[in-house]
Amino acid sequence: MEISNEGVTEASNQEDAKLSGEEPAEAREEERTVAPEAAVGEQQSEQDGTKTMEETNVKEDDLSKSIALSDTGIDSKNPNQRRSLSVVDTTLRPEIASTVAKLNMRTVTGRLQRHWIVDSEKETLIFYDDDDQRISFTCAQMNEKVEMCSSLLRCNGVRKGDVVCNTLDVSPEREVVNFAVIFCGAVLMDGLGIKDEGQRFWAPLIKANVKHLIVDPNDDSSVAWKMVACDVENSYADIERSTLKEIPGLEKIFKFRMQHLMKLNESHEEKSCFQLIEEHGSSFVEIVNSCDPAVIFVRKTNKEGIYKLVIRTQIATIHLAQRAQEMLLLNKYDIIYCDWPVSWVSGLTLTYITAGYTMVKTTLHNCPAQRVVRETWNVIEHEMCTVASLQPPMIVMLASHCEDLPDDRPILRIITTSGHVKPYVMDAIGSVCNSVINCYSVMEAGLVSRLVVTEETKNRFSHGCVGELTDPMRTRLDIHGAGSVKPSKIGEIVLRGKLVCKEYFNEPALTKASFTTDGFLKTGDLGFYDSQGNSPFHDMLFVLGRKSQAIIRGETAIFPRDIEEKVNQCPGIWKVSIVSIKDEKGIIQMCACVIPRSQDSVTIERVKEFCRYMLGGTADEDDNPHMPTYVFFFTDFPMLGKEVDKHTLAHTTAAVVSGTDQIDTSL
């Protein structure tokens, strides 16, 4: 089932024609006006007949000229203003304005350089480690380190167009290396999200044609280091030529040690990433064009367990960042705390490219649980953060401990990129922050929608509401624009627009399976449009969860996490996992797999009674689709990494129900 309307095919075609037009002449002229060096490079590229990995799709990835240069406050509809700003900014000192005028603002490199040159004395990156040690960089320091790191990479074989996979964890080194990869003209691939070992680790790197891998030998949690240690562990060199048979195309392995992980290291022979950069000394910035590839985003699918790759050009990356910046109302004066473990995802942290705000990051990996809330708030308060990007559990913990927080706490906006925000999360409004922005984003399209919940609307917030879509992104049901949507049944959300990727990198079969015949992306998320009359959330999009994780019983989509959360409140239960099986009639049934706290703490009948109390239903006939049909007791669950292996769990319970196997239910 899709959120779709076959009656809008003609309108869809008209919208496609509108969105796939030629790049505006003003924009093309602007690029050559502001960057004469880049123009020469582009002309030479055309003469040589070379093509980048996404050059043929550049027109599809470019936005219309309605997207403004929001970091400057300029009117994008006035080409004269656009062109004059590109050449000279009269608010800057003459020497700075002259330097900025030479930058290509249609590239990530040009945008970052402008921030760092114009606001050279501003703190732009602040980092706290587990020992509460503060590290900070001004814009000038960041620019210097990035350019030197770019030169270090260049001198060790990284060339324009090479794919470099960065697996460093959250740290100042990670951010510097990320930017440096782009500054030397290479393509940045985020490897931190690749958690599998063996061939599953190498598969996305081989697919992306990775030539250089960046790892930290001192990071015990690094999967990447485990995979390459056998090849380079016994060498004292910081940059090694790879001889791994698993990935013949890999040329170099860079051992960039993060400074905060070297404190307990007694060896004085090892050098940190920043020491290597400082000793190298020289600087380098590659000339790049707007259509050159810049970033490869990576995401693992839950059901198939494969990694999807999306490549973005320089200009497409800017458009993703700019849309998110405008939707979240960010500017360069914001100080943003972000506890998300992955940087450079197509969400909040990407907006640094266009907004140039101050980033505040922490590790808190080894911080005791009872200190997490206090430590997090101490950082937010001390740095006077205006925005905090937090995961829902952290928001709830802050709200529940608000009595312990200082009375003179600053007014915050909290951003959470999760469609699974429950109404009780909004209790933080008024006590911790003045608003919560609930966002919906996908790797293939960036930030899709956002809902701002305030003190006036928090009591009417409904679970799953993520607001309305804004141009240039649409679903089938609102193809005519905002305000045209009608209430719908639950179905798969499909998207189309200028910011939606056109394909998965080097995956033609996956691309074909992931897009409809008329060009809509199948997100794999279930959702619907709802109409609540005079509600402030009238005609907005609701996201329920992943289609692959849903249990469909009749016409009801049930998400195990919701049932598990309620059943786990039963006294005597330690863990719960909900799985689905088919009975002898082929009907989908739900099983509650339970690990009791002790042998006599709970019985199966007691669990069933509690389920009826929490979920509804009667003892005679449990006709509620949310009610588990079976309850099984386990001593432990099969695990797949850190997650419960629900496939094995479902197979085990199905065998018991069918009578082909038995498990111990006597606890």
# chains A, B, ... in the order shown; residues from 1 in each chain; ligands from 1
call {"tool": "select_by_dssp", "arguments": {"residues": "stretch 149-240 of chain A", "states": "alpha helix (DSSP H)", "output": "ChimeraX atom specification"}}
result
/A:149-155,172-183,199-207,223-232
call {"tool": "residues_around", "arguments": {"residues": "A:Arg154", "least_positions_apart": "2", "cutoff": "10 Å", "atoms": "only C-alpha atoms", "output": "CSV table (one decimal) with N, CA and C atoms, in the first residue's frame"}}
result
chain,number,residue,atom,x,y,z
A,148,MET,N,45.7,22.3,6.1
A,148,MET,CA,46.9,21.5,6.3
A,148,MET,C,46.6,20.0,6.2
A,149,CYS,N,45.4,19.6,6.8
A,149,CYS,CA,45.1,18.2,6.6
A,149,CYS,C,44.8,17.8,5.2
A,150,SER,N,44.2,18.8,4.5
A,150,SER,CA,44.0,18.5,3.0
A,150,SER,C,45.3,18.3,2.3
A,151,SER,N,46.3,19.1,2.6
A,151,SER,CA,47.6,19.0,2.0
A,151,SER,C,48.3,17.7,2.4
A,152,LEU,N,48.1,17.2,3.7
A,152,LEU,CA,48.6,16.0,4.1
A,152,LEU,C,48.0,14.8,3.3
A,156,ASN,N,49.9,12.4,0.3
A,156,ASN,CA,50.0,10.9,0.5
A,156,ASN,C,49.0,10.2,-0.5
A,157,GLY,N,48.8,10.8,-1.6
A,157,GLY,CA,48.1,10.1,-2.7
A,157,GLY,C,46.6,10.3,-2.9
A,158,VAL,N,46.0,11.1,-2.1
A,158,VAL,CA,44.5,11.4,-2.3
A,158,VAL,C,44.4,12.4,-3.4
A,159,ARG,N,43.6,12.0,-4.4
A,159,ARG,CA,43.5,12.9,-5.6
A,159,ARG,C,42.0,13.3,-5.8
A,160,LYS,N,41.8,14.3,-6.6
A,160,LYS,CA,40.5,14.7,-6.9
A,160,LYS,C,39.6,13.6,-7.4
A,180,ALA,N,38.5,18.3,5.4
A,180,ALA,CA,39.8,18.2,4.6
A,180,ALA,C,39.6,17.3,3.4
A,181,VAL,N,38.9,16.3,3.5
A,181,VAL,CA,38.6,15.4,2.4
A,181,VAL,C,38.0,16.1,1.2
A,183,PHE,N,38.1,19.4,0.9
A,183,PHE,CA,39.0,20.5,0.5
A,183,PHE,C,40.0,20.0,-0.6
A,184,CYS,N,40.4,18.8,-0.5
A,184,CYS,CA,41.4,18.3,-1.4
A,184,CYS,C,40.7,17.7,-2.7
A,185,GLY,N,39.4,17.9,-2.8
A,185,GLY,CA,38.7,17.5,-4.0
A,185,GLY,C,38.2,16.1,-4.0
A,186,ALA,N,38.4,15.3,-2.9
A,186,ALA,CA,38.0,13.9,-2.9
A,186,ALA,C,36.5,13.8,-2.5
A,283,SER,N,49.7,23.9,3.2
A,283,SER,CA,48.3,23.9,3.0
A,283,SER,C,47.9,23.6,1.6
A,284,PHE,N,46.7,23.2,1.3
A,284,PHE,CA,46.3,22.9,0.0
A,284,PHE,C,44.8,23.0,-0.1
A,285,VAL,N,44.2,23.6,-1.1
A,285,VAL,CA,42.8,23.6,-1.4
A,285,VAL,C,42.6,23.3,-2.9
A,286,GLU,N,41.9,22.3,-3.3
A,286,GLU,CA,41.7,21.9,-4.7
A,286,GLU,C,40.6,22.8,-5.2
call {"tool": "atom_distance", "arguments": {"atom1": "atom CA of A:Arg374", "atom2": "atom CA of A:Ile135"}}
result
19.5 Å
call {"tool": "residues_around", "arguments": {"residues": "A:Arg174", "least_positions_apart": "6", "cutoff": "10 Å", "atoms": "only C-alpha atoms", "output": "list in words"}}
result
Asn166, Thr167, Leu168, Ala180, Ile214, Phe256, Met258, Cys273 and Ser343 of chain A
call {"tool": "write_last_selection", "arguments": {"atoms": "N, CA, C and O atoms", "output": "PDB file, in the first residue's frame"}}
result
ATOM      1  N   ASN A 166      35.844   7.847   6.042  1.00  0.00           N
ATOM      2  CA  ASN A 166      36.260   8.293   7.366  1.00  0.00           C
ATOM      3  C   ASN A 166      35.468   7.537   8.429  1.00  0.00           C
ATOM      4  O   ASN A 166      34.245   7.644   8.502  1.00  0.00           O
ATOM      5  N   THR A 167      36.174   6.772   9.277  1.00  0.00           N
ATOM      6  CA  THR A 167      35.508   5.984  10.319  1.00  0.00           C
ATOM      7  C   THR A 167      35.783   6.524  11.718  1.00  0.00           C
ATOM      8  O   THR A 167      35.440   5.859  12.696  1.00  0.00           O
ATOM      9  N   LEU A 168      36.393   7.700  11.838  1.00  0.00           N
ATOM     10  CA  LEU A 168      36.665   8.268  13.160  1.00  0.00           C
ATOM     11  C   LEU A 168      35.365   8.553  13.896  1.00  0.00           C
ATOM     12  O   LEU A 168      34.374   8.969  13.299  1.00  0.00           O
ATOM     13  N   ALA A 180      38.506  18.318   5.370  1.00  0.00           N
ATOM     14  CA  ALA A 180      39.757  18.229   4.620  1.00  0.00           C
ATOM     15  C   ALA A 180      39.617  17.330   3.396  1.00  0.00           C
ATOM     16  O   ALA A 180      40.210  17.607   2.347  1.00  0.00           O
ATOM     17  N   ILE A 214      40.311   5.852   6.665  1.00  0.00           N
ATOM     18  CA  ILE A 214      40.829   6.555   7.834  1.00  0.00           C
ATOM     19  C   ILE A 214      40.320   5.870   9.093  1.00  0.00           C
ATOM     20  O   ILE A 214      39.103   5.718   9.282  1.00  0.00           O
ATOM     21  N   PHE A 256      44.855   7.829  11.994  1.00  0.00           N
ATOM     22  CA  PHE A 256      44.686   9.139  12.621  1.00  0.00           C
ATOM     23  C   PHE A 256      44.163   8.939  14.038  1.00  0.00           C
ATOM     24  O   PHE A 256      42.987   8.637  14.234  1.00  0.00           O
ATOM     25  N   MET A 258      42.864   9.908  17.663  1.00  0.00           N
ATOM     26  CA  MET A 258      42.153  11.000  18.320  1.00  0.00           C
ATOM     27  C   MET A 258      42.836  11.328  19.647  1.00  0.00           C
ATOM     28  O   MET A 258      43.120  10.426  20.439  1.00  0.00           O
ATOM     29  N   CYS A 273      46.461  12.655  15.365  1.00  0.00           N
ATOM     30  CA  CYS A 273      46.091  13.207  14.059  1.00  0.00           C
ATOM     31  C   CYS A 273      46.536  14.657  13.936  1.00  0.00           C
ATOM     32  O   CYS A 273      47.122  15.061  12.917  1.00  0.00           O
ATOM     33  N   SER A 343      27.978  12.226  12.420  1.00  0.00           N
ATOM     34  CA  SER A 343      28.028  13.535  11.788  1.00  0.00           C
ATOM     35  C   SER A 343      27.884  13.364  10.284  1.00  0.00           C
ATOM     36  O   SER A 343      28.085  12.302   9.730  1.00  0.00           O
TER      37      SER A 343
END
call {"tool": "residues_around", "arguments": {"residues": "A:Thr124", "least_positions_apart": "6", "cutoff": "8 Å", "atoms": "only C-alpha atoms", "output": "PyMOL selection string"}}
result
chain A and resi 136-139+142+356-359
